[in-house]
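Data block for protein_39.cif (mmCIF, C-alpha atoms and all ligand atoms):
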data_work
#
loop_
_atom_site.label_atom_id
_atom_site.label_comp_id
_atom_site.auth_asym_id
_atom_site.auth_seq_id
_atom_site.Cartn_x
_atom_site.Cartn_y
_atom_site.Cartn_z
CA MET A 499 -65.66 60.38 32.47
CA ASN A 500 -61.93 60.83 31.83
CA ARG A 501 -60.39 64.06 33.05
CA ILE A 502 -58.21 65.84 30.46
CA THR A 503 -56.21 69.05 30.50
CA TYR A 504 -55.61 71.37 27.55
CA SER A 505 -52.98 73.85 26.42
CA ARG A 506 -52.42 75.90 23.29
CA ALA A 507 -48.99 75.69 21.63
CA GLN A 508 -47.62 79.12 20.62
CA ASP A 509 -45.33 77.80 17.89
CA VAL A 510 -43.79 74.56 16.68
CA ASP A 511 -40.95 74.61 19.23
CA ASP A 512 -43.49 75.06 22.01
CA ALA A 513 -45.56 72.12 20.67
CA VAL A 514 -42.50 69.88 20.53
CA HIS A 515 -41.40 71.01 24.01
CA GLN A 516 -44.84 70.30 25.47
CA LEU A 517 -44.95 66.88 23.80
CA GLY A 518 -41.61 66.08 25.45
CA ILE A 519 -42.50 67.11 28.99
CA ILE A 520 -46.22 66.34 29.38
CA ASN A 521 -47.04 62.73 30.06
CA ASN A 522 -49.54 61.02 27.73
CA ALA A 523 -50.19 64.18 25.69
CA LYS A 524 -51.62 64.26 22.16
CA LEU A 525 -51.65 67.01 19.57
CA ILE A 526 -55.08 68.16 18.48
CA ALA A 527 -55.67 69.86 15.10
CA GLY A 528 -59.16 69.67 13.54
CA GLY A 529 -60.15 67.04 16.09
CA THR A 530 -62.30 65.13 13.58
CA ASN A 531 -60.58 61.81 14.28
CA LEU A 532 -59.01 62.25 17.70
CA LEU A 533 -62.16 63.46 19.46
CA ASP A 534 -64.23 60.60 17.99
CA LEU A 535 -61.68 58.10 19.31
CA MET A 536 -61.58 59.78 22.73
CA LYS A 537 -65.37 59.68 23.04
CA ILE A 538 -65.33 55.88 22.76
CA ASN A 539 -62.19 55.40 24.90
CA VAL A 540 -60.06 54.06 22.04
CA MET A 541 -57.56 56.87 22.61
CA GLN A 542 -57.23 58.21 26.13
CA PRO A 543 -54.75 61.09 26.29
CA ASP A 544 -54.47 62.94 29.63
CA HIS A 545 -53.60 66.19 27.90
CA LEU A 546 -54.35 67.87 24.56
CA ILE A 547 -51.91 70.27 22.90
CA ASP A 548 -53.77 72.50 20.45
CA VAL A 549 -51.62 73.13 17.38
CA ASN A 550 -54.09 75.34 15.52
CA HIS A 551 -52.10 78.51 16.25
CA ILE A 552 -48.54 77.42 15.41
CA GLY A 553 -48.54 78.67 11.79
CA PHE A 554 -47.80 76.26 8.91
CA ASN A 555 -51.19 77.28 7.53
CA THR A 556 -50.22 78.30 4.01
CA ILE A 557 -49.41 76.64 0.69
CA THR A 558 -46.20 77.99 -0.79
CA ALA A 559 -44.28 77.43 -4.00
CA GLU A 560 -40.56 76.89 -3.48
CA ALA A 561 -37.90 78.27 -5.83
CA ASN A 562 -36.94 74.75 -6.98
CA GLY A 563 -40.48 74.07 -8.25
CA TRP A 564 -41.68 72.07 -5.24
CA LEU A 565 -44.98 72.96 -3.55
CA ASN A 566 -45.17 72.99 0.25
CA LEU A 567 -48.54 72.21 1.83
CA GLY A 568 -48.59 73.47 5.42
CA ALA A 569 -49.60 70.84 7.96
CA MET A 570 -52.30 73.10 9.38
CA VAL A 571 -53.97 73.95 6.06
CA THR A 572 -57.41 72.33 5.93
CA ASN A 573 -58.13 69.52 3.51
CA ALA A 574 -60.72 71.75 1.77
CA ASP A 575 -58.32 74.67 1.28
CA THR A 576 -55.67 72.27 -0.02
CA ALA A 577 -57.95 70.42 -2.44
CA TYR A 578 -59.27 73.69 -3.94
CA HIS A 579 -55.96 75.57 -3.95
CA GLU A 580 -55.21 76.90 -7.44
CA ALA A 581 -51.68 75.40 -7.57
CA VAL A 582 -52.88 72.01 -6.32
CA VAL A 583 -55.74 71.86 -8.82
CA ARG A 584 -53.47 72.91 -11.69
CA GLN A 585 -50.28 71.02 -10.88
CA TYR A 586 -51.48 68.07 -8.76
CA PRO A 587 -55.08 67.36 -9.81
CA LEU A 588 -54.63 63.73 -8.70
CA LEU A 589 -54.21 64.96 -5.12
CA SER A 590 -57.16 67.32 -5.37
CA GLU A 591 -59.37 64.53 -6.73
CA ALA A 592 -58.32 62.12 -3.97
CA MET A 593 -58.91 64.68 -1.23
CA LEU A 594 -62.35 65.61 -2.53
CA SER A 595 -63.34 61.94 -2.52
CA ALA A 596 -62.77 61.82 1.25
CA ALA A 597 -65.25 62.37 4.09
CA SER A 598 -67.74 65.24 3.63
CA ALA A 599 -67.48 68.96 2.88
CA GLN A 600 -67.97 69.79 6.58
CA LEU A 601 -65.23 67.39 7.67
CA ARG A 602 -62.83 68.60 5.00
CA ASN A 603 -63.35 72.16 6.29
CA MET A 604 -62.11 71.10 9.75
CA ALA A 605 -59.59 68.35 8.91
CA THR A 606 -55.96 69.41 8.52
CA ASN A 607 -53.25 67.93 6.31
CA GLY A 608 -51.15 66.82 9.31
CA GLY A 609 -54.17 65.25 11.01
CA ASN A 610 -55.20 63.49 7.82
CA LEU A 611 -51.87 61.69 7.54
CA MET A 612 -52.05 60.71 11.22
CA GLN A 613 -55.67 59.46 11.30
CA ARG A 614 -56.07 55.97 12.72
CA THR A 615 -57.45 52.87 11.04
CA ARG A 616 -61.19 52.31 10.67
CA CYS A 617 -60.97 48.60 11.60
CA TYR A 618 -64.23 47.81 13.47
CA TYR A 619 -62.33 45.89 16.15
CA PHE A 620 -59.94 48.78 16.77
CA TYR A 621 -63.06 50.87 17.49
CA ASP A 622 -64.67 48.28 19.77
CA THR A 623 -62.98 48.24 23.19
CA ALA A 624 -64.80 45.00 24.09
CA MET A 625 -62.80 43.15 21.40
CA PRO A 626 -59.12 42.18 21.23
CA CYS A 627 -57.00 44.41 18.99
CA ASN A 628 -53.19 44.45 18.87
CA LYS A 629 -53.22 47.95 17.44
CA ARG A 630 -55.26 49.35 20.33
CA LYS A 631 -53.93 47.04 23.06
CA PRO A 632 -50.66 45.31 22.12
CA GLY A 633 -50.67 41.60 22.90
CA SER A 634 -54.47 41.28 23.11
CA GLY A 635 -54.85 39.56 19.71
CA CYS A 636 -56.51 40.40 16.38
CA ALA A 637 -60.25 39.81 16.22
CA ALA A 638 -60.36 40.71 12.52
CA ILE A 639 -58.34 37.76 11.23
CA ASP A 640 -61.11 35.26 12.05
CA GLY A 641 -63.84 37.88 12.30
CA PHE A 642 -65.79 40.06 9.89
CA ASN A 643 -62.97 41.33 7.69
CA ARG A 644 -64.68 42.73 4.60
CA MET A 645 -62.74 46.03 4.70
CA HIS A 646 -59.39 44.55 5.74
CA ALA A 647 -55.95 44.23 4.19
CA ILE A 648 -54.90 41.75 1.52
CA LEU A 649 -51.25 42.80 1.19
CA GLY A 650 -48.37 43.18 3.65
CA ASN A 651 -50.22 41.68 6.62
CA SER A 652 -48.81 40.04 9.71
CA ALA A 653 -50.36 37.54 12.10
CA GLN A 654 -50.82 40.48 14.50
CA CYS A 655 -52.91 42.87 12.39
CA ILE A 656 -54.82 43.13 9.10
CA ALA A 657 -55.99 46.74 9.46
CA VAL A 658 -55.77 49.17 6.54
CA HIS A 659 -54.74 52.81 6.52
CA PRO A 660 -57.80 54.93 5.70
CA SER A 661 -56.38 58.16 4.24
CA ASP A 662 -57.16 58.95 0.59
CA MET A 663 -54.77 61.89 0.66
CA ALA A 664 -51.88 59.61 1.64
CA VAL A 665 -52.51 57.34 -1.36
CA ALA A 666 -52.27 60.21 -3.84
CA LEU A 667 -49.23 61.64 -2.02
CA THR A 668 -47.55 58.23 -2.27
CA ALA A 669 -48.07 58.10 -6.03
CA LEU A 670 -46.69 61.64 -6.30
CA ASP A 671 -43.51 60.89 -4.25
CA ALA A 672 -44.33 63.51 -1.63
CA VAL A 673 -42.08 64.20 1.34
CA VAL A 674 -43.32 64.71 4.92
CA CYS A 675 -41.59 67.55 6.81
CA VAL A 676 -41.36 67.06 10.57
CA SER A 677 -39.87 68.93 13.52
CA GLY A 678 -38.56 67.35 16.69
CA PRO A 679 -36.52 68.45 19.70
CA GLY A 680 -33.84 70.76 18.28
CA SER A 681 -34.04 69.46 14.73
CA ALA A 682 -36.14 69.07 11.63
CA ARG A 683 -36.10 66.27 9.08
CA GLU A 684 -37.84 65.15 5.89
CA ILE A 685 -39.30 61.68 5.41
CA PRO A 686 -40.31 60.43 1.95
CA ILE A 687 -43.95 59.41 2.30
CA THR A 688 -43.01 55.99 0.93
CA SER A 689 -41.00 55.49 4.18
CA PHE A 690 -43.43 57.30 6.48
CA TYR A 691 -45.96 54.50 7.05
CA ARG A 692 -45.14 51.02 8.35
CA LEU A 693 -46.41 47.52 7.77
CA PRO A 694 -47.90 45.99 10.95
CA GLY A 695 -45.20 43.36 11.57
CA GLU A 696 -44.87 42.61 15.28
CA ASP A 697 -45.72 46.21 16.30
CA PRO A 698 -49.07 47.05 14.74
CA HIS A 699 -49.73 49.70 17.42
CA ILE A 700 -47.11 51.87 15.64
CA ASP A 701 -48.70 53.29 12.49
CA ASN A 702 -45.76 55.28 11.13
CA ASN A 703 -42.17 56.43 11.64
CA LEU A 704 -42.93 59.80 13.24
CA GLY A 705 -41.06 60.03 16.57
CA PRO A 706 -43.06 60.46 19.80
CA ASP A 707 -41.83 64.07 20.25
CA GLU A 708 -42.13 64.99 16.57
CA ILE A 709 -44.78 67.03 14.79
CA ILE A 710 -45.63 67.22 11.10
CA THR A 711 -45.10 70.75 9.78
CA GLY A 712 -45.72 70.25 6.07
CA ILE A 713 -45.85 68.05 3.00
CA LYS A 714 -43.68 68.80 -0.02
CA LEU A 715 -44.64 67.85 -3.56
CA PRO A 716 -42.01 67.47 -6.31
CA PRO A 717 -42.41 69.53 -9.51
CA SER A 718 -43.71 66.64 -11.60
CA GLY A 719 -47.42 66.42 -10.78
CA PHE A 720 -48.59 64.17 -13.64
CA SER A 721 -51.24 66.77 -14.36
CA LYS A 722 -52.16 65.45 -17.81
CA HIS A 723 -52.76 61.74 -17.25
CA TYR A 724 -54.02 60.81 -13.81
CA SER A 725 -56.92 59.16 -12.04
CA TYR A 726 -57.99 58.58 -8.44
CA LEU A 727 -60.47 55.72 -8.52
CA LYS A 728 -62.14 55.05 -5.17
CA LEU A 729 -64.40 52.03 -4.89
CA ARG A 730 -66.63 51.93 -1.81
CA ASP A 731 -69.96 50.69 -0.55
CA ARG A 732 -71.76 53.98 -1.26
CA PRO A 733 -70.77 56.77 -3.63
CA SER A 734 -69.91 59.36 -0.99
CA TYR A 735 -69.02 59.71 2.68
CA ALA A 736 -67.42 56.27 2.86
CA PHE A 737 -63.92 54.90 3.16
CA ALA A 738 -62.35 53.01 0.25
CA LEU A 739 -62.65 49.25 -0.12
CA VAL A 740 -60.00 49.69 -2.79
CA SER A 741 -58.59 52.89 -4.24
CA VAL A 742 -56.05 53.47 -6.98
CA ALA A 743 -53.99 56.59 -7.59
CA ALA A 744 -52.68 56.24 -11.14
CA ALA A 745 -50.40 58.73 -12.88
CA LEU A 746 -48.79 58.41 -16.28
CA GLU A 747 -46.50 60.38 -18.54
CA LEU A 748 -47.12 59.41 -22.19
CA ASP A 749 -45.48 60.35 -25.46
CA THR A 750 -47.57 61.35 -28.46
CA ASN A 751 -47.87 57.70 -29.58
CA HIS A 752 -49.28 56.61 -26.20
CA LYS A 753 -46.00 55.02 -25.18
CA ILE A 754 -45.49 55.14 -21.41
CA LEU A 755 -42.56 57.31 -20.30
CA LYS A 756 -43.27 57.16 -16.55
CA ALA A 757 -45.88 55.44 -14.40
CA ARG A 758 -46.90 55.76 -10.76
CA ILE A 759 -49.51 53.52 -9.11
CA ALA A 760 -50.45 53.57 -5.42
CA LEU A 761 -53.21 51.50 -3.87
CA GLY A 762 -55.39 52.35 -0.87
CA GLY A 763 -57.66 50.13 1.22
CA VAL A 764 -55.50 47.07 0.66
CA ALA A 765 -52.71 47.36 3.25
CA HIS A 766 -51.55 48.93 6.50
CA LYS A 767 -49.96 51.64 4.35
CA PRO A 768 -50.50 53.00 0.83
CA TRP A 769 -49.18 50.20 -1.39
CA ARG A 770 -46.66 50.96 -4.10
CA MET A 771 -44.17 48.81 -6.05
CA PRO A 772 -41.72 50.98 -8.06
CA GLU A 773 -40.18 47.84 -9.61
CA VAL A 774 -43.54 47.12 -11.30
CA GLU A 775 -43.93 50.74 -12.47
CA VAL A 776 -40.50 50.65 -14.16
CA ARG A 777 -41.61 47.65 -16.23
CA LEU A 778 -44.30 49.81 -17.83
CA GLU A 779 -41.77 52.27 -19.23
CA GLY A 780 -41.46 52.04 -23.02
CA LYS A 781 -44.64 49.96 -23.35
CA LEU A 782 -47.78 51.03 -25.15
CA ALA A 783 -50.61 52.11 -22.84
CA ALA A 784 -53.05 49.26 -23.46
CA ALA A 785 -55.50 47.11 -21.45
CA ASP A 786 -53.49 43.85 -21.66
CA ILE A 787 -50.36 45.56 -20.34
CA PHE A 788 -52.40 47.11 -17.53
CA ARG A 789 -53.84 43.73 -16.55
CA GLU A 790 -50.31 42.25 -16.41
CA THR A 791 -49.32 45.17 -14.18
CA ALA A 792 -52.32 44.54 -11.92
CA GLU A 793 -51.38 40.87 -11.58
CA MET A 794 -47.85 41.86 -10.53
CA LEU A 795 -49.07 44.47 -8.03
CA LEU A 796 -51.35 41.93 -6.35
CA GLU A 797 -48.78 39.14 -6.28
CA GLY A 798 -48.90 37.42 -2.89
CA ALA A 799 -52.24 38.99 -1.95
CA GLN A 800 -54.13 37.03 0.67
CA GLY A 801 -57.80 37.29 1.67
CA TYR A 802 -59.24 36.32 5.04
CA GLY A 803 -62.72 35.22 3.95
CA HIS A 804 -65.00 38.23 3.76
CA ASN A 805 -62.41 40.31 1.94
CA ASN A 806 -61.37 37.72 -0.70
CA PHE A 807 -63.28 39.74 -3.31
CA LYS A 808 -60.84 42.61 -2.89
CA ILE A 809 -58.08 40.79 -4.78
CA GLU A 810 -59.95 40.72 -8.09
CA LEU A 811 -61.58 44.09 -7.34
CA ALA A 812 -58.14 45.67 -6.90
CA LYS A 813 -56.87 44.19 -10.16
CA ARG A 814 -59.87 45.51 -12.11
CA ALA A 815 -59.60 48.88 -10.38
CA ILE A 816 -55.94 49.19 -11.41
CA VAL A 817 -56.81 48.51 -15.06
CA ARG A 818 -59.71 50.96 -14.98
CA ALA A 819 -57.71 53.70 -13.23
CA LEU A 820 -54.86 53.40 -15.73
CA GLU A 821 -57.32 53.55 -18.63
CA GLN A 822 -58.96 56.62 -17.09
CA ALA A 823 -55.52 58.20 -16.69
CA VAL A 824 -54.75 57.63 -20.39
CA ASN A 825 -58.06 59.14 -21.46
CA LYS A 826 -58.10 61.97 -18.94
CA GLN A 827 -57.63 64.76 -21.46
CA ALA A 828 -60.41 63.49 -23.67
CA GLU A 829 -62.66 63.47 -20.60
CA SER A 830 -61.88 67.01 -19.46
C1 LIG A 901 -67.39 60.28 9.18
C2 LIG A 901 -65.99 60.45 8.67
C3 LIG A 901 -65.70 60.05 7.37
C4 LIG A 901 -64.39 60.19 6.89
N1 LIG A 901 -64.09 59.76 5.62
C5 LIG A 901 -62.80 59.83 5.16
C6 LIG A 901 -62.44 59.34 3.89
O1 LIG A 901 -63.28 58.85 3.13
N2 LIG A 901 -61.13 59.42 3.51
C7 LIG A 901 -60.18 59.98 4.32
O2 LIG A 901 -59.03 60.05 3.94
N3 LIG A 901 -60.50 60.44 5.55
C8 LIG A 901 -61.77 60.37 5.97
N4 LIG A 901 -62.09 60.83 7.22
C9 LIG A 901 -61.00 61.19 8.12
C10 LIG A 901 -60.71 62.65 8.17
O3 LIG A 901 -60.13 63.03 6.96
C11 LIG A 901 -59.74 62.79 9.32
O4 LIG A 901 -60.51 62.67 10.51
C12 LIG A 901 -59.02 64.12 9.32
O5 LIG A 901 -58.24 64.25 8.16
C13 LIG A 901 -58.12 64.25 10.54
O6 LIG A 901 -57.59 65.55 10.58
P1 LIG A 901 -57.75 66.45 11.88
O7 LIG A 901 -57.02 67.71 11.65
O8 LIG A 901 -59.18 66.58 12.30
O9 LIG A 901 -56.96 65.53 12.91
P2 LIG A 901 -57.17 65.33 14.49
O10 LIG A 901 -58.41 64.54 14.74
O11 LIG A 901 -57.03 66.63 15.20
O12 LIG A 901 -55.89 64.45 14.80
C14 LIG A 901 -55.76 63.16 14.28
C15 LIG A 901 -54.41 62.59 14.76
O13 LIG A 901 -53.35 63.32 14.17
C16 LIG A 901 -52.46 63.83 15.16
N5 LIG A 901 -52.00 65.11 14.61
C17 LIG A 901 -52.76 66.16 14.21
N6 LIG A 901 -51.98 67.10 13.67
C18 LIG A 901 -50.71 66.65 13.73
C19 LIG A 901 -49.45 67.18 13.31
N7 LIG A 901 -49.34 68.37 12.71
N8 LIG A 901 -48.34 66.42 13.52
C20 LIG A 901 -48.43 65.20 14.09
N9 LIG A 901 -49.60 64.66 14.53
C21 LIG A 901 -50.72 65.38 14.32
C22 LIG A 901 -53.32 63.94 16.41
O14 LIG A 901 -52.52 63.88 17.58
C23 LIG A 901 -54.22 62.73 16.26
O15 LIG A 901 -53.58 61.58 16.73
C24 LIG A 901 -63.39 60.74 7.72
C25 LIG A 901 -63.70 61.16 9.02
C26 LIG A 901 -64.98 61.01 9.49
C27 LIG A 901 -65.28 61.48 10.90
#

Translate this file's structure into structure tokens.
Amino acid sequence: MNRITYSRAQDVDDAVHQLGIINNAKLIAGGTNLLDLMKINVMQPDHLIDVNHIGFNTITAEANGWLNLGAMVTNADTAYHEAVVRQYPLLSEAMLSAASAQLRNMATNGGNLMQRTRCYYFYDTAMPCNKRKPGSGCAAIDGFNRMHAILGNSAQCIAVHPSDMAVALTALDAVVCVSGPGSAREIPITSFYRLPGEDPHIDNNLGPDEIITGIKLPPSGFSKHYSYLKLRDRPSYAFALVSVAAALELDTNHKILKARIALGGVAHKPWRMPEVEVRLEGKLAAADIFRETAEMLLEGAQGYGHNNFKIELAKRAIVRALEQAVNKQAES
């Protein structure tokens, strides 16, 4: 059994201070991911800093029209919040597709963004995994890789990021608010996560002494035409094989004014290509245009055997999600 110590942070400065001075410490929020990983020795912190009492547990509208989701608000309270449902239904839909009601009641927004990959080999300490143990190799590349990445891979890692919330936030151009020693900064979510490259053990660009305090959403929530399509092996309580967060702004003749498309389950980070979205502007919202878009989004995709099916699945999912986004109002 591993011995661990525990402390409760009084506020964000205290949490940051403790992170800086305590060796091998980890923040704990809902614990729904961290404790699972500790029980199987995948993560082995010596000390846990409880951040459940530092505040940042409200959702607040800012004067400039942005909405700030506190890092400590639970996934359930966020998904059902009146302003989220009304202004960002894409986010609400994505969050409610994740995990189970019990988990969403415990899981926090900060913890959700920081959850680790579900790669089987990351979870199995008997197997090599560059993300868990840098330099040990990647068992997934020649192993059972049905759930693994098809875009943005490196020879070191083909794991995917598991968060549904992060995919919707990426489509919505959210910003992650973080605090570090003596300063605070904002990171666009599109720059928050990393591709595996040579350092797959680093999931994101949060500094070692930094803590997430909130997530800000811009005023435009694409509340009329949106869809979160999550394809998985069973209809609930499962991670995405492929997911698509699609958001459109259309004129009255179904001409596309703006488009946002983010993919989950296909890469080490939510996958988005703004240069492809721009090409949709001014076009009519129609199936052939959507298929062309899907082909462009999957350009360069590579399967590793068991996950080859994901390439065509992702293309079809993109077309379907965009069609659902167009027809959303008729559905509701
Ligand atoms: C069976 C099961 C099924 C699931 N299915 C899905 C799914 O389909 N889709 C999905 O998206 N998720 C799914 N999840 C994941 C779940 O959403 C995450 O476990 C949860 O969101 C993590 O939040 P938490 O508050 O419990 O984090 P914790 O477990 O407390 O922490 C997770 C990580 O985040 C760090 N952390 C926590 N708070 C902060 C902060 N404020 N700043 C910086 N770092 C922080 C911790 O140090 C830790 O490394 C599932 C989980 C389980 C157990």

Which residues, written as a PDB file with C-alpha atoms, in the coordinates of the input, have at least one atom at most 8 Å from A:His551, with all atoms listed in the file counted and residues fewer than 6 positions away on the same chain left out?
ATOM      1  CA  ARG A 506     -52.420  75.900  23.290  1.00  0.00           C
ATOM      2  CA  ALA A 507     -48.990  75.690  21.630  1.00  0.00           C
ATOM      3  CA  GLN A 508     -47.620  79.120  20.620  1.00  0.00           C
ATOM      4  CA  ASP A 509     -45.330  77.800  17.890  1.00  0.00           C
TER       5      ASP A 509
END

Shortest interatomic distance to ligand LIG 901 (chain A) - which of A:Ala672, A:Ile709, A:Cys636, A:Ile547, counting only C-alpha atoms and all ligand atoms: A:Ile709

How far is it from atom O8 of ligand LIG 901 (chain A) to atom CA of A:Ser725, in Å with one decimal? 25.5 Å

Mind listing the residues within 7 Å of ligand LIG 901 (chain A), all atoms listed in the file counted, as number ranges by chain? A: 524-533, 569-570, 593, 595-598, 601-602, 604-613, 660-663, 708-711, 735-738

Skip stretch 625-627 of chain A itself and residues of its chain fewer than 6 positions away, then list as an mmCIF file with C-alpha atoms, in the coordinates of the input all residues within 9 Å of it, counting all atoms listed in the file.
data_model
loop_
_atom_site.group_PDB
_atom_site.id
_atom_site.type_symbol
_atom_site.label_atom_id
_atom_site.label_comp_id
_atom_site.auth_asym_id
_atom_site.auth_seq_id
_atom_site.Cartn_x
_atom_site.Cartn_y
_atom_site.Cartn_z
ATOM 1 C CA TYR A 619 -62.330 45.890 16.150
ATOM 2 C CA GLY A 633 -50.670 41.600 22.900
ATOM 3 C CA SER A 634 -54.470 41.280 23.110
ATOM 4 C CA GLY A 635 -54.850 39.560 19.710
ATOM 5 C CA CYS A 636 -56.510 40.400 16.380
ATOM 6 C CA ALA A 637 -60.250 39.810 16.220
ATOM 7 C CA ALA A 638 -60.360 40.710 12.520
ATOM 8 C CA GLN A 654 -50.820 40.480 14.500
ATOM 9 C CA CYS A 655 -52.910 42.870 12.390
#

A:His646 surroundings by all atoms listed in the file, 12 Å radius, close-in-sequence under 5 positions cut, as number ranges by chain: A: 615-620, 636-641, 651, 655-660, 737-740, 762-767, 799-809

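Atom CA of A:Asp622 is positioned 16.4 Å from atom CA of A:Pro698.
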
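Comparing the minimum interatomic distances between A:Ala653 and each of A:Gly695, A:Leu670, A:Tyr621, A:Ala682, counting all atoms listed in the file, we find that A:Gly695 sits nearest.
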
Residue with smallest distance to A:Arg584 - pool A:Asn562, A:Phe720, A:Asn500, A:Asn539, counting only C-alpha atoms: A:Phe720

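Of the listed residues A:Ser505, A:Asn603, A:Asn573, A:Gln542, the one whose atoms come nearest to A:Leu589 is A:Asn573, with distances taken using only C-alpha atoms.
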
Name the residues in contact with A:Ala577 at a cut-off of 8 Å, using all atoms listed in the file, excluding same-chain residues fewer than 5 positions from it; report them as a PyMOL selection string. chain A and resi 582-583+589-591+593-594

In Å, how far is it from atom CA of A:Glu773 to atom CA of A:Lys722?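 These two atoms are separated by 22.8 Å.
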
Return the single residue from A:Ile519, A:Leu546, A:Ala592, A:Ala624 that is closest to A:Thr503, with distances computed using only C-alpha atoms. A:Leu546

Let me make sure I understand: among A:Phe554, A:Trp769, A:Tyr726, A:Tyr578, which one has the smallest atom-to-atom distance to A:Ala666 if we use only C-alpha atoms? A:Tyr726

Contacts of A:Asp511 within 9 Å, only C-alpha atoms, excl. fewer than 5 positions in-chain, as an MDAnalysis selection string: chainID A and resid 516 552 677:680

Protein, DNA and RNA residues within 9 Å of (-61.3, 54.4, -10.1), only C-alpha atoms, as number ranges by chain: A: 725-729, 740-744, 815-820, 822

Sel. within 7 Å of pt (-50.5, 47.2, 14.4), counting all atoms listed in the file, output as JSON, numbers by chain: {"A": [628, 629, 654, 655, 694, 697, 698, 699, 700, 701]}

Need the axis-aligned box for stretch 520-534 of chain A with 6 Å each side, so what are the centre and edges in Å to one decimal, as lines of an AutoDock Vina configuration file?
center_x = -55.2
center_y = 65.2
center_z = 21.8
size_x = 30.0
size_y = 21.3
size_z = 28.5
